[in-house]
Structure formats: C-alpha cells, structure tokens
file work02.pdb (PDB, C-alpha atoms)
ATOM      1  CA  MET A   1     -15.256  26.142   2.153  1.00  0.00           C
ATOM      2  CA  PRO A   2     -14.529  24.307   5.424  1.00  0.00           C
ATOM      3  CA  HIS A   3     -17.170  24.408   8.129  1.00  0.00           C
ATOM      4  CA  LEU A   4     -14.482  25.348  10.700  1.00  0.00           C
ATOM      5  CA  PRO A   5     -11.626  27.883  10.585  1.00  0.00           C
ATOM      6  CA  LEU A   6      -8.786  25.622   9.417  1.00  0.00           C
ATOM      7  CA  GLU A   7      -5.295  26.654   8.361  1.00  0.00           C
ATOM      8  CA  GLU A   8      -5.428  27.330   4.625  1.00  0.00           C
ATOM      9  CA  HIS A   9      -2.103  25.606   3.874  1.00  0.00           C
ATOM     10  CA  LEU A  10      -3.341  22.329   5.419  1.00  0.00           C
ATOM     11  CA  PRO A  11      -6.062  20.778   3.261  1.00  0.00           C
ATOM     12  CA  GLY A  12      -7.860  17.544   4.048  1.00  0.00           C
ATOM     13  CA  ILE A  13      -7.199  15.577   7.192  1.00  0.00           C
ATOM     14  CA  THR A  14      -4.010  17.442   8.111  1.00  0.00           C
ATOM     15  CA  GLY A  15      -5.915  20.656   8.809  1.00  0.00           C
ATOM     16  CA  LEU A  16      -8.357  18.787  11.042  1.00  0.00           C
ATOM     17  CA  LEU A  17      -5.593  16.994  12.928  1.00  0.00           C
ATOM     18  CA  GLU A  18      -3.839  20.304  13.531  1.00  0.00           C
ATOM     19  CA  TYR A  19      -7.109  21.894  14.650  1.00  0.00           C
ATOM     20  CA  ARG A  20      -7.430  19.405  17.552  1.00  0.00           C
ATOM     21  CA  LYS A  21      -3.943  18.072  18.283  1.00  0.00           C
ATOM     22  CA  ASP A  22      -5.177  16.380  21.468  1.00  0.00           C
ATOM     23  CA  SER A  23      -7.716  14.177  19.676  1.00  0.00           C
ATOM     24  CA  ALA A  24      -5.356  13.803  16.715  1.00  0.00           C
ATOM     25  CA  LYS A  25      -2.623  12.189  18.806  1.00  0.00           C
ATOM     26  CA  PRO A  26      -4.355   8.823  19.441  1.00  0.00           C
ATOM     27  CA  ILE A  27      -5.796   8.757  15.921  1.00  0.00           C
ATOM     28  CA  ARG A  28      -2.334   9.302  14.426  1.00  0.00           C
ATOM     29  CA  GLU A  29      -0.821   6.660  16.716  1.00  0.00           C
ATOM     30  CA  LEU A  30      -3.433   4.073  15.716  1.00  0.00           C
ATOM     31  CA  THR A  31      -3.011   4.887  12.029  1.00  0.00           C
ATOM     32  CA  GLN A  32       0.785   4.678  12.303  1.00  0.00           C
ATOM     33  CA  LEU A  33       0.534   1.289  14.018  1.00  0.00           C
ATOM     34  CA  LEU A  34      -1.929  -0.147  11.519  1.00  0.00           C
ATOM     35  CA  LEU A  35      -0.452   1.217   8.291  1.00  0.00           C
ATOM     36  CA  ARG A  36       3.254   1.396   9.104  1.00  0.00           C
ATOM     37  CA  GLY A  37       3.769  -0.922  12.066  1.00  0.00           C
ATOM     38  CA  PRO A  38       4.944  -4.536  11.902  1.00  0.00           C
ATOM     39  CA  SER A  39       2.636  -6.643   9.735  1.00  0.00           C
ATOM     40  CA  THR A  40       2.647  -9.527   7.308  1.00  0.00           C
ATOM     41  CA  LEU A  41       0.776  -7.210   4.938  1.00  0.00           C
ATOM     42  CA  THR A  42       3.032  -4.802   3.089  1.00  0.00           C
ATOM     43  CA  GLU A  43       2.629  -1.066   3.557  1.00  0.00           C
ATOM     44  CA  GLY A  44       1.405  -0.900  -0.038  1.00  0.00           C
ATOM     45  CA  GLU A  45      -1.259  -3.538   0.622  1.00  0.00           C
ATOM     46  CA  ARG A  46      -2.453  -1.659   3.692  1.00  0.00           C
ATOM     47  CA  GLU A  47      -2.634   1.557   1.637  1.00  0.00           C
ATOM     48  CA  LEU A  48      -4.787  -0.348  -0.868  1.00  0.00           C
ATOM     49  CA  ILE A  49      -7.274  -1.055   1.938  1.00  0.00           C
ATOM     50  CA  ALA A  50      -7.414   2.684   2.695  1.00  0.00           C
ATOM     51  CA  THR A  51      -7.778   3.404  -1.028  1.00  0.00           C
ATOM     52  CA  VAL A  52     -10.667   0.985  -1.569  1.00  0.00           C
ATOM     53  CA  VAL A  53     -12.607   2.204   1.466  1.00  0.00           C
ATOM     54  CA  SER A  54     -12.039   5.883   0.664  1.00  0.00           C
ATOM     55  CA  SER A  55     -13.015   5.355  -2.959  1.00  0.00           C
ATOM     56  CA  HIS A  56     -16.218   3.526  -2.037  1.00  0.00           C
ATOM     57  CA  ASN A  57     -17.020   6.300   0.453  1.00  0.00           C
ATOM     58  CA  GLN A  58     -16.459   8.824  -2.370  1.00  0.00           C
ATOM     59  CA  CYS A  59     -14.033  10.815  -0.229  1.00  0.00           C
ATOM     60  CA  THR A  60     -11.981  12.531  -2.913  1.00  0.00           C
ATOM     61  CA  PHE A  61      -9.213  13.812  -0.631  1.00  0.00           C
ATOM     62  CA  CYS A  62      -8.569  10.449   1.049  1.00  0.00           C
ATOM     63  CA  THR A  63      -8.934   8.485  -2.192  1.00  0.00           C
ATOM     64  CA  ASN A  64      -6.346  10.675  -3.942  1.00  0.00           C
ATOM     65  CA  ALA A  65      -3.987  10.672  -0.943  1.00  0.00           C
ATOM     66  CA  HIS A  66      -3.988   6.908  -0.391  1.00  0.00           C
ATOM     67  CA  THR A  67      -3.975   6.064  -4.077  1.00  0.00           C
ATOM     68  CA  ALA A  68      -0.810   8.167  -4.437  1.00  0.00           C
ATOM     69  CA  ALA A  69       0.753   6.512  -1.365  1.00  0.00           C
ATOM     70  CA  ALA A  70      -0.160   3.011  -2.594  1.00  0.00           C
ATOM     71  CA  ASP A  71       1.234   3.786  -6.048  1.00  0.00           C
ATOM     72  CA  LEU A  72       4.499   5.023  -4.571  1.00  0.00           C
ATOM     73  CA  LEU A  73       4.862   2.028  -2.255  1.00  0.00           C
ATOM     74  CA  LEU A  74       3.922  -0.485  -4.952  1.00  0.00           C
ATOM     75  CA  GLY A  75       6.061   1.203  -7.586  1.00  0.00           C
ATOM     76  CA  GLU A  76       3.204   1.290 -10.101  1.00  0.00           C
ATOM     77  CA  ASN A  77      -0.319   2.677 -10.462  1.00  0.00           C
ATOM     78  CA  GLU A  78      -2.278  -0.088 -12.174  1.00  0.00           C
ATOM     79  CA  THR A  79      -3.144  -1.980  -8.990  1.00  0.00           C
ATOM     80  CA  SER A  80      -4.707   0.920  -7.094  1.00  0.00           C
ATOM     81  CA  SER A  81      -6.654   1.918 -10.181  1.00  0.00           C
ATOM     82  CA  ALA A  82      -7.920  -1.639 -10.645  1.00  0.00           C
ATOM     83  CA  VAL A  83      -9.029  -2.184  -7.037  1.00  0.00           C
ATOM     84  CA  LYS A  84     -11.130   0.979  -7.105  1.00  0.00           C
ATOM     85  CA  ASN A  85     -13.006  -0.343 -10.140  1.00  0.00           C
ATOM     86  CA  ASN A  86     -13.151  -4.137  -9.699  1.00  0.00           C
ATOM     87  CA  ILE A  87     -11.206  -5.972  -7.006  1.00  0.00           C
ATOM     88  CA  ASP A  88     -11.641  -9.335  -8.755  1.00  0.00           C
ATOM     89  CA  GLU A  89      -9.873  -8.089 -11.889  1.00  0.00           C
ATOM     90  CA  ALA A  90      -6.873  -6.619 -10.044  1.00  0.00           C
ATOM     91  CA  THR A  91      -3.519  -8.334 -10.344  1.00  0.00           C
ATOM     92  CA  LEU A  92      -3.280  -9.344  -6.689  1.00  0.00           C
ATOM     93  CA  SER A  93      -3.072 -12.540  -4.698  1.00  0.00           C
ATOM     94  CA  ASP A  94      -6.336 -14.263  -3.871  1.00  0.00           C
ATOM     95  CA  LYS A  95      -5.588 -13.519  -0.216  1.00  0.00           C
ATOM     96  CA  MET A  96      -5.342  -9.783  -0.845  1.00  0.00           C
ATOM     97  CA  LYS A  97      -8.481  -9.796  -3.003  1.00  0.00           C
ATOM     98  CA  SER A  98     -10.331 -11.545  -0.166  1.00  0.00           C
ATOM     99  CA  LEU A  99      -9.109  -8.960   2.331  1.00  0.00           C
ATOM    100  CA  LEU A 100     -10.127  -6.075   0.062  1.00  0.00           C
ATOM    101  CA  ILE A 101     -13.587  -7.601  -0.293  1.00  0.00           C
ATOM    102  CA  ILE A 102     -13.828  -7.694   3.507  1.00  0.00           C
ATOM    103  CA  ALA A 103     -12.717  -4.042   3.617  1.00  0.00           C
ATOM    104  CA  SER A 104     -15.402  -3.169   1.045  1.00  0.00           C
ATOM    105  CA  HIS A 105     -18.024  -4.876   3.155  1.00  0.00           C
ATOM    106  CA  VAL A 106     -16.871  -3.036   6.289  1.00  0.00           C
ATOM    107  CA  GLN A 107     -17.265   0.209   4.335  1.00  0.00           C
ATOM    108  CA  GLU A 108     -20.908  -0.688   3.639  1.00  0.00           C
ATOM    109  CA  SER A 109     -21.595  -1.757   7.244  1.00  0.00           C
ATOM    110  CA  GLY A 110     -19.774  -3.898   9.755  1.00  0.00           C
ATOM    111  CA  ARG A 111     -22.705  -6.270   9.523  1.00  0.00           C
ATOM    112  CA  SER A 112     -22.061  -6.737   5.804  1.00  0.00           C
ATOM    113  CA  VAL A 113     -18.999  -8.861   6.602  1.00  0.00           C
ATOM    114  CA  THR A 114     -20.114 -12.486   6.458  1.00  0.00           C
ATOM    115  CA  ALA A 115     -18.739 -15.758   7.740  1.00  0.00           C
ATOM    116  CA  GLU A 116     -18.252 -16.655   4.069  1.00  0.00           C
ATOM    117  CA  ASP A 117     -16.033 -13.580   3.587  1.00  0.00           C
ATOM    118  CA  ILE A 118     -13.889 -14.591   6.561  1.00  0.00           C
ATOM    119  CA  ASN A 119     -13.707 -18.238   5.489  1.00  0.00           C
ATOM    120  CA  ALA A 120     -12.722 -17.236   1.949  1.00  0.00           C
ATOM    121  CA  ALA A 121      -9.922 -15.044   3.293  1.00  0.00           C
ATOM    122  CA  LYS A 122      -8.671 -17.866   5.531  1.00  0.00           C
ATOM    123  CA  GLU A 123      -8.860 -20.378   2.663  1.00  0.00           C
ATOM    124  CA  ASN A 124      -6.769 -17.944   0.613  1.00  0.00           C
ATOM    125  CA  GLY A 125      -4.107 -17.802   3.318  1.00  0.00           C
ATOM    126  CA  ALA A 126      -5.102 -14.774   5.430  1.00  0.00           C
ATOM    127  CA  THR A 127      -4.266 -14.994   9.102  1.00  0.00           C
ATOM    128  CA  ASP A 128      -6.592 -13.958  11.899  1.00  0.00           C
ATOM    129  CA  ILE A 129      -4.379 -10.899  12.540  1.00  0.00           C
ATOM    130  CA  GLU A 130      -4.537  -9.883   8.862  1.00  0.00           C
ATOM    131  CA  ILE A 131      -8.333 -10.180   8.903  1.00  0.00           C
ATOM    132  CA  HIS A 132      -8.521  -8.215  12.172  1.00  0.00           C
ATOM    133  CA  ASP A 133      -6.252  -5.466  10.877  1.00  0.00           C
ATOM    134  CA  THR A 134      -8.121  -5.254   7.568  1.00  0.00           C
ATOM    135  CA  VAL A 135     -11.410  -4.688   9.391  1.00  0.00           C
ATOM    136  CA  LEU A 136      -9.829  -2.122  11.724  1.00  0.00           C
ATOM    137  CA  ILE A 137      -8.095  -0.235   8.889  1.00  0.00           C
ATOM    138  CA  ALA A 138     -11.365  -0.179   6.922  1.00  0.00           C
ATOM    139  CA  ALA A 139     -13.302   1.090   9.948  1.00  0.00           C
ATOM    140  CA  LEU A 140     -10.636   3.700  10.682  1.00  0.00           C
ATOM    141  CA  PHE A 141     -10.784   5.024   7.131  1.00  0.00           C
ATOM    142  CA  CYS A 142     -14.576   5.254   7.314  1.00  0.00           C
ATOM    143  CA  LEU A 143     -13.952   7.544  10.302  1.00  0.00           C
ATOM    144  CA  TYR A 144     -11.366   9.559   8.369  1.00  0.00           C
ATOM    145  CA  ASN A 145     -13.584   9.846   5.285  1.00  0.00           C
ATOM    146  CA  ARG A 146     -16.526  11.107   7.296  1.00  0.00           C
ATOM    147  CA  TYR A 147     -14.295  13.451   9.302  1.00  0.00           C
ATOM    148  CA  VAL A 148     -12.807  15.036   6.152  1.00  0.00           C
ATOM    149  CA  ASP A 149     -16.079  15.311   4.262  1.00  0.00           C
ATOM    150  CA  GLY A 150     -18.246  16.077   7.291  1.00  0.00           C
ATOM    151  CA  LEU A 151     -16.260  19.241   7.971  1.00  0.00           C
ATOM    152  CA  ALA A 152     -15.873  20.109   4.272  1.00  0.00           C
ATOM    153  CA  THR A 153     -12.093  20.315   4.279  1.00  0.00           C
ATOM    154  CA  VAL A 154     -10.292  21.709   1.254  1.00  0.00           C
ATOM    155  CA  THR A 155      -9.632  19.117  -1.444  1.00  0.00           C
ATOM    156  CA  PRO A 156      -6.811  20.134  -3.790  1.00  0.00           C
ATOM    157  CA  ALA A 157      -7.382  19.371  -7.469  1.00  0.00           C
ATOM    158  CA  ASP A 158      -3.677  19.368  -8.402  1.00  0.00           C
ATOM    159  CA  PRO A 159      -2.277  15.799  -8.628  1.00  0.00           C
ATOM    160  CA  GLU A 160       1.131  17.184  -7.622  1.00  0.00           C
ATOM    161  CA  PHE A 161      -0.248  17.968  -4.175  1.00  0.00           C
ATOM    162  CA  TYR A 162      -1.028  14.271  -3.652  1.00  0.00           C
ATOM    163  CA  SER A 163       2.388  13.242  -4.955  1.00  0.00           C
ATOM    164  CA  GLY A 164       3.992  15.426  -2.288  1.00  0.00           C
ATOM    165  CA  LEU A 165       1.621  14.125   0.368  1.00  0.00           C
ATOM    166  CA  ALA A 166       2.412  10.538  -0.638  1.00  0.00           C
ATOM    167  CA  GLN A 167       6.137  11.273  -0.237  1.00  0.00           C
ATOM    168  CA  ARG A 168       5.484  12.576   3.292  1.00  0.00           C
ATOM    169  CA  LEU A 169       3.373   9.528   4.149  1.00  0.00           C
ATOM    170  CA  VAL A 170       5.992   7.117   2.841  1.00  0.00           C
ATOM    171  CA  ASN A 171       8.905   8.945   4.465  1.00  0.00           C
ATOM    172  CA  ASN A 172       7.289   9.987   7.764  1.00  0.00           C
ATOM    173  CA  GLY A 173       4.315   7.689   8.131  1.00  0.00           C
ATOM    174  CA  TYR A 174       1.300   9.061   9.906  1.00  0.00           C
ATOM    175  CA  ASN A 175       3.193  10.828  12.651  1.00  0.00           C
ATOM    176  CA  ARG A 176       2.990  14.583  12.956  1.00  0.00           C
ATOM    177  CA  LEU A 177       6.060  16.169  11.398  1.00  0.00           C
ATOM    178  CA  PRO A 178       8.426  17.139  14.243  1.00  0.00           C
ATOM    179  CA  GLY A 179       8.501  20.816  13.248  1.00  0.00           C
ATOM    180  CA  GLY A 180       4.839  20.998  12.302  1.00  0.00           C
ATOM    181  CA  TYR A 181       3.616  22.066   8.888  1.00  0.00           C
ATOM    182  CA  ASP A 182       4.682  25.694   8.507  1.00  0.00           C
ATOM    183  CA  GLN A 183       7.065  24.696   5.701  1.00  0.00           C
ATOM    184  CA  LEU A 184       4.001  23.818   3.605  1.00  0.00           C
ATOM    185  CA  LYS A 185       2.947  27.472   3.575  1.00  0.00           C
ATOM    186  CA  LYS A 186       5.776  28.142   1.130  1.00  0.00           C
ATOM    187  CA  SER A 187       4.719  25.416  -1.303  1.00  0.00           C
ATOM    188  CA  GLN A 188       1.067  26.485  -1.490  1.00  0.00           C
TER     189      GLN A 188
END
call {"tool": "encode", "arguments": {"input": "work02.pdb", "output": "structure tokens"}}
result
Amino acid sequence: MPHLPLEEHLPGITGLLEYRKDSAKPIRELTQLLLRGPSTLTEGERELIATVVSSHNQCTFCTNAHTAAADLLLGENETSSAVKNNIDEATLSDKMKSLLIIASHVQESGRSVTAEDINAAKENGATDIEIHDTVLIAALFCLYNRYVDGLATVTPADPEFYSGLAQRLVNNGYNRLPGGYDQLKKSQ
C-alpha cells in the first residue's frame, strides 16, 4: 500500500508524478530529453541503461516498465534479458557494453566509476556526450527507483500492464499525456 494517497489507477511513477505535477514537470522534461531527445545512442539503447540500473536497484516497477520499452524499441526481448543478468554476454557492441558497465557502476555509487571504465568506453568508440548522458541517465533512474520504492507505489503483477505502458512510452515519450490519465481508469 502506498505511503501517500495516490490515484489507484496510476501505479508506479505515474501516480507520483501526478501527485506533484510541479516537481514532475522538470523531471519529465529531463527524462524526455535524455531518453527521447537527439542522441547518437538509440532510444532502445537508452532504455537498456534504465533497465540495467532499475534491475540492479531491484525496483520491480521500473525494471518491468523499461524492459518492456526496450524490448518494444529493439524489436526483441533477448537483449534486455541478457543485460540484466550479464552485460558481457549480451549481444551488443563493445561500446554499448562499456556504457552499460559505467551505468552499473553509477548505480553502485558515482565514485565507483573509474578512469579505466571511461577509457574503455572511449576505446570502444563512445563519445564524451554518450558517456555524459549514460552517467546522467543512470543517476536519474537511481532517483526514479528510490522515488517509486521509497513511497511504496503500486507495482502491477500483470505483464500486460507493462506492455501498455511501453506503448505509451514509445508513442508519447516521457511527456504527460495531454488529456491526463483518466482514460486509464477504464482499463484498470
């Protein structure tokens, strides 16, 4: 049961963002920029960063949401499954593996990122902007994971919920839906 009175039809982060729309606005804008804005990393690759961090933080809601979004964007589900278990064994470029390792280290502590991690990413073709954005996405999802779990938001068990959420994330990004979320009351 959530620690705050949240709208029942809005589980996870959505309920929290609706609870405080004023603080949600800059968080949504930053997330939209980082995960859907212009980048040399694909949207699917950026969702993998969110997936790895959320999985390592054991945030079930965020892990399920971003795994579903990554799967939809990548057109398959093997990659997101693999990166949650062992980044080195995932079928990804060495650059992306290096970036996911950096994201994993950010999840542990910002101080866990080493010069060797950065050099490895650069040697594998990562740009300074890609490294910067990886660290910022990882840090942002640590915030999200702690926000969701710290206020005990509802975590749906039905995989279909996350499929629908992934569709919204792919189609609308991280912006608030123009008409709000009342239409979700009907599907709950």
call {"tool": "residues_around", "arguments": {"input": "work02.pdb", "residues": "Lys95 (chain A)", "least_positions_apart": "6", "cutoff": "10 Å", "atoms": "only C-alpha atoms", "output": "PyMOL selection string"}}
result
chain A and resi 101+120-127+130
call {"tool": "write_last_selection", "arguments": {"input": "work02.pdb", "atoms": "C-alpha atoms", "output": "short mmCIF file (atom, residue, chain, number, x, y, z; two decimals), in the coordinates of the input"}}
result
data_model
loop_
_atom_site.label_atom_id
_atom_site.label_comp_id
_atom_site.auth_asym_id
_atom_site.auth_seq_id
_atom_site.Cartn_x
_atom_site.Cartn_y
_atom_site.Cartn_z
CA ILE A 101 -13.59 -7.60 -0.29
CA ALA A 120 -12.72 -17.24 1.95
CA ALA A 121 -9.92 -15.04 3.29
CA LYS A 122 -8.67 -17.87 5.53
CA GLU A 123 -8.86 -20.38 2.66
CA ASN A 124 -6.77 -17.94 0.61
CA GLY A 125 -4.11 -17.80 3.32
CA ALA A 126 -5.10 -14.77 5.43
CA THR A 127 -4.27 -14.99 9.10
CA GLU A 130 -4.54 -9.88 8.86
#
call {"tool": "closest_residue", "arguments": {"input": "work02.pdb", "among": "A:Asn77, A:Ser112, A:Thr134, A:Thr155", "to": "Ala90 (chain A)", "atoms": "only C-alpha atoms"}}
result
A:Asn77
call {"tool": "atom_distance", "arguments": {"input": "work02.pdb", "atom1": "CA of Ser39 (chain A)", "atom2": "CA of Met96 (chain A)"}}
result
13.6 Å
call {"tool": "residues_around", "arguments": {"input": "work02.pdb", "residues": "region 41-44 of chain A", "least_positions_apart": "2", "cutoff": "8 Å", "atoms": "only C-alpha atoms", "output": "CSV table (one decimal) with C-alpha atoms, in the frame of the given file"}}
result
chain,number,residue,atom,x,y,z
A,35,LEU,CA,-0.5,1.2,8.3
A,36,ARG,CA,3.3,1.4,9.1
A,39,SER,CA,2.6,-6.6,9.7
A,46,ARG,CA,-2.5,-1.7,3.7
A,47,GLU,CA,-2.6,1.6,1.6
A,48,LEU,CA,-4.8,-0.3,-0.9
A,69,ALA,CA,0.8,6.5,-1.4
A,70,ALA,CA,-0.2,3.0,-2.6
A,71,ASP,CA,1.2,3.8,-6.0
A,73,LEU,CA,4.9,2.0,-2.3
A,74,LEU,CA,3.9,-0.5,-5.0
A,130,GLU,CA,-4.5,-9.9,8.9
call {"tool": "resolve_selection", "arguments": {"input": "work02.pdb", "expression": "the PyMOL selection byres ((chain A and resi 19) around 12)", "output": "ChimeraX atom specification"}}
result
/A:4-8,10-18,20-25,151,153
call {"tool": "closest_residue", "arguments": {"input": "work02.pdb", "among": "A:Thr40, A:Val52, A:Leu34, A:Arg176", "to": "Asn85 (chain A)", "atoms": "all atoms listed in the file"}}
result
A:Val52
call {"tool": "resolve_selection", "arguments": {"input": "work02.pdb", "expression": "the PyMOL selection byres ((chain A and resi 157) around 12)", "output": "PyMOL selection string"}}
result
chain A and resi 11-12+60-61+64-65+154-156+158-163
call {"tool": "atom_distance", "arguments": {"input": "work02.pdb", "atom1": "CA of Ser55 (chain A)", "atom2": "CA of Glu29 (chain A)"}}
result
23.2 Å
call {"tool": "closest_residue", "arguments": {"input": "work02.pdb", "among": "A:Leu165, A:Leu140, A:Leu184, A:Val170", "to": "Ile27 (chain A)", "atoms": "all atoms listed in the file"}}
result
A:Leu140
call {"tool": "residues_around", "arguments": {"input": "work02.pdb", "residues": "Ala138 (chain A)", "least_positions_apart": "2", "cutoff": "7 Å", "atoms": "all atoms listed in the file", "output": "list in words"}}
result
Ile49, Ala50, Val53, Ala103, Val106, Gln107, Thr134, Val135, Leu136, Leu140, Phe141 and Cys142 of chain A
call {"tool": "closest_residue", "arguments": {"input": "work02.pdb", "among": "A:Ser98, A:Ser81, A:Ser104, A:Asn172", "to": "Asn119 (chain A)", "atoms": "only C-alpha atoms"}}
result
A:Ser98
call {"tool": "closest_residue", "arguments": {"input": "work02.pdb", "among": "A:Asp149, A:Glu116, A:Glu45, A:Glu76", "to": "Ile102 (chain A)", "atoms": "all atoms listed in the file"}}
result
A:Glu116
call {"tool": "closest_residue", "arguments": {"input": "work02.pdb", "among": "A:Ile87, A:Ala82, A:Leu33, A:Ala139", "to": "Asn57 (chain A)", "atoms": "all atoms listed in the file"}}
result
A:Ala139
call {"tool": "atom_distance", "arguments": {"input": "work02.pdb", "atom1": "CA of Thr51 (chain A)", "atom2": "CA of Thr63 (chain A)"}}
result
5.3 Å
call {"tool": "build_atoms", "arguments": {"input": "work02.pdb", "residues": "region 63-75 of chain A", "atoms": "N, CA and C atoms", "output": "mmCIF file, in the frame of the given file"}}
result
data_model
loop_
_atom_site.group_PDB
_atom_site.id
_atom_site.type_symbol
_atom_site.label_atom_id
_atom_site.label_comp_id
_atom_site.auth_asym_id
_atom_site.auth_seq_id
_atom_site.Cartn_x
_atom_site.Cartn_y
_atom_site.Cartn_z
ATOM 1 N N THR A 63 -9.172 9.372 -1.055
ATOM 2 C CA THR A 63 -8.934 8.485 -2.192
ATOM 3 C C THR A 63 -7.661 8.899 -2.923
ATOM 4 N N ASN A 64 -7.532 10.192 -3.220
ATOM 5 C CA ASN A 64 -6.346 10.675 -3.942
ATOM 6 C C ASN A 64 -5.076 10.495 -3.110
ATOM 7 N N ALA A 65 -5.160 10.780 -1.809
ATOM 8 C CA ALA A 65 -3.987 10.672 -0.943
ATOM 9 C C ALA A 65 -3.499 9.228 -0.838
ATOM 10 N N HIS A 66 -4.408 8.295 -0.616
ATOM 11 C CA HIS A 66 -3.988 6.908 -0.391
ATOM 12 C C HIS A 66 -3.720 6.164 -1.690
ATOM 13 N N THR A 67 -4.346 6.604 -2.766
ATOM 14 C CA THR A 67 -3.975 6.064 -4.077
ATOM 15 C C THR A 67 -2.529 6.445 -4.386
ATOM 16 N N ALA A 68 -2.184 7.701 -4.166
ATOM 17 C CA ALA A 68 -0.810 8.167 -4.437
ATOM 18 C C ALA A 68 0.190 7.439 -3.542
ATOM 19 N N ALA A 69 -0.156 7.230 -2.273
ATOM 20 C CA ALA A 69 0.753 6.512 -1.365
ATOM 21 C C ALA A 69 0.891 5.058 -1.789
ATOM 22 N N ALA A 70 -0.220 4.409 -2.135
ATOM 23 C CA ALA A 70 -0.160 3.011 -2.594
ATOM 24 C C ALA A 70 0.690 2.902 -3.861
ATOM 25 N N ASP A 71 0.460 3.809 -4.802
ATOM 26 C CA ASP A 71 1.234 3.786 -6.048
ATOM 27 C C ASP A 71 2.729 3.915 -5.773
ATOM 28 N N LEU A 72 3.090 4.812 -4.902
ATOM 29 C CA LEU A 72 4.499 5.023 -4.571
ATOM 30 C C LEU A 72 5.082 3.781 -3.909
ATOM 31 N N LEU A 73 4.369 3.212 -2.963
ATOM 32 C CA LEU A 73 4.862 2.028 -2.255
ATOM 33 C C LEU A 73 4.911 0.789 -3.147
ATOM 34 N N LEU A 74 3.954 0.675 -4.054
ATOM 35 C CA LEU A 74 3.922 -0.485 -4.952
ATOM 36 C C LEU A 74 4.825 -0.305 -6.170
ATOM 37 N N GLY A 75 5.206 0.935 -6.437
ATOM 38 C CA GLY A 75 6.061 1.203 -7.586
ATOM 39 C C GLY A 75 5.332 1.185 -8.911
#
